[in-house]
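Following: one structure in structure tokens, then a few remarks.
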Amino acid sequence: MRGTIKKESFGKTSGGEQIDIYTLSNKKGMEVSITNFGATVVTLKVPDRAGKATDIVLGYDTLDGYEKGTSYFGATVGRYGNRIAGGKFSIDGKTYTLPKNNGENTLHGGIVGFNKKVWKAREIASKGGESLEMTYLSADGEEGFPGNLSTKVVFTLPADRNELKIDYAATTDKDTVLNLTNHSYFNLAGEGNGDILDHVMTLHAKQFTPVDKGLIPTGELKNVAGTPMDFNNATAIGKRINESDEQLVFGKGYDHNWVLTRAGGSELSIAAEAYDPKSGRKLEVLTTEPGVQFYSGNFLDGAKGKGNKPYPQRAAFCLETQHFPDSPNHPNFPSTLLKPNAVFHSLTVFRFSAK
């Protein structure tokens, strides 16, 4: 048996565009709702150890919340996830200038990134599950980035496994830079249900990219051993988060890119695992990307989300699979350059279980 997809209206944007929401469900008790506004994961319900399914991602009840929101809840982030220093980068000696929306830097694609765009949605038949394809054409010069960029994101919920597979592809007609990710905020105890400091985190990384006080990488790859950044052994998120380590002070907690210990090639590798002892829910993140940004929700400020619940600081965490922040300005980082004759491809899987 395959699962099902249900399509409903999510309302109209302030510009009058019709927006829909698609709910994918399987026989294992998992359900995910995705809207074509920002190719955004709105709800994600997975069972706990007693079999009770609860929504574990932060978000809003209405389209208006996503239009006005500034936290990127559940969104597909682009063209460039994370930060670009000074809002500038160069390709072949030509400098491109981007709008600055994070102090002196450009964050998550600029002022109107992919998270605020209307995507085209299409339900597609796939083997062993339900898939939803989202496409968006980003015009040459949009938010300062070169090239007409065609982006496709396919969300798949397998019939027989509780996992959300996100498959990214893109092509361009000019040399450009690209870093796509999903910005879901997870609380495995249930969204709006306390903080995530007791969640136990594992990050499969021997190095991270240290940042300056503007959260821009210095260019160094630093060993995590002996620092609060070492999550190679499962450790509670809150155990060291308030230490006086300079990196934690700069990020107000964890907001850093970890250099993944990868199997190599284009195969999926395990990046991270998170476990909530209370509910028994476990999340495993697998990816083809070289890095993951672990963000401990430090800038959440109590603003209201679903069901009018407040989302205070550290009410959720993000595991954004990605290329490294500011890669266009660091030749020693894995390249984010996409050329006209190439196809960008990236795959991330969020896998859920309970114990």
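By order of appearance in the structure tokens: chains A, B, ..., then residues from 1 within every chain, and ligands from 1 in the order shown.
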
Any chance you could list, as a ChimeraX atom specification, the residues in stretch 141-327 of chain A that come up helix (DSSP H, G or I) when DSSP is run on the backbone? /A:142-144,246-251,306-308,327

Would you tabulate, counting only C-alpha atoms, all residues of stretch 175-205 of chain A that have an atom at most 9 Å from an atom of stretch 87-98 of chain A, showing the closest pair of atoms and their distance in Å to one decimal, sorted by chain then ascending number, as a Markdown table?
```
| residue | atom | partner | partner_atom | distance |
| --- | --- | --- | --- | --- |
| A:Asp175 | CA | A:Ile91 | CA | 7.5 |
| A:Thr176 | CA | A:Ile91 | CA | 7.7 |
| A:Val177 | CA | A:Ile91 | CA | 8.8 |
```

Could you take the residues named above and write them with N, CA and C atoms, as a PDB file, in the first residue's frame?
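Contents of the output file selection.pdb:
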```pdb
ATOM      1  N   ASP A 175      27.498  31.117 -14.820  1.00  0.00           N
ATOM      2  CA  ASP A 175      28.205  30.717 -13.601  1.00  0.00           C
ATOM      3  C   ASP A 175      27.555  31.406 -12.396  1.00  0.00           C
ATOM      4  N   THR A 176      27.250  30.630 -11.368  1.00  0.00           N
ATOM      5  CA  THR A 176      26.617  31.189 -10.180  1.00  0.00           C
ATOM      6  C   THR A 176      27.047  30.399  -8.961  1.00  0.00           C
ATOM      7  N   VAL A 177      26.614  30.835  -7.780  1.00  0.00           N
ATOM      8  CA  VAL A 177      26.866  30.072  -6.554  1.00  0.00           C
ATOM      9  C   VAL A 177      25.528  29.632  -5.971  1.00  0.00           C
TER      10      VAL A 177
END
```

So that I can check the surroundings of A:Asn232, please list as a PyMOL selection string every protein, DNA and RNA residue that reaches within 8 Å of it, counting only C-alpha atoms and ignoring chain neighbours fewer than 2 positions away. chain A and resi 202-206+230+234

Could you give me, as a list in words, the residues within 9 Å of A:Pro277, counting only C-alpha atoms and dropping anything in the same chain fewer than 6 positions from it? Ala189, Asp198, His199, Val200 and Lys355 of chain A

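When only C-alpha atoms are used to compute distances to A:Ala316, the closest of the residues A:Ile270, A:Ile56, A:Ala50, A:Ile5 turns out to be A:Ile56.
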
Restricting the calculation to only C-alpha atoms: of A:Lys120, A:Gly302, A:Asp173, A:Asp245, which residue gets closest to A:Asp140?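 For A:Asp140, the nearest of the candidates is A:Asp173.
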
Residues near A:Asn26, cut-off 10 Å, only C-alpha atoms, skip fewer than 2 positions along chain, as a PyMOL selection string: chain A and resi 1-5+24+28-32+129-130+157-162

How far is it from atom CA of A:Leu149 to atom CA of A:Gly38, in Å with one decimal?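 Spanning atom CA of A:Leu149 to atom CA of A:Gly38 is a straight-line distance of 15.7 Å.
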
With distances taken over only C-alpha atoms, which residue among A:Ser244, A:Gln322, A:Thr235, A:Thr209 lies nearest A:Arg79?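 So, comparing all the options, the nearest one is A:Gln322.
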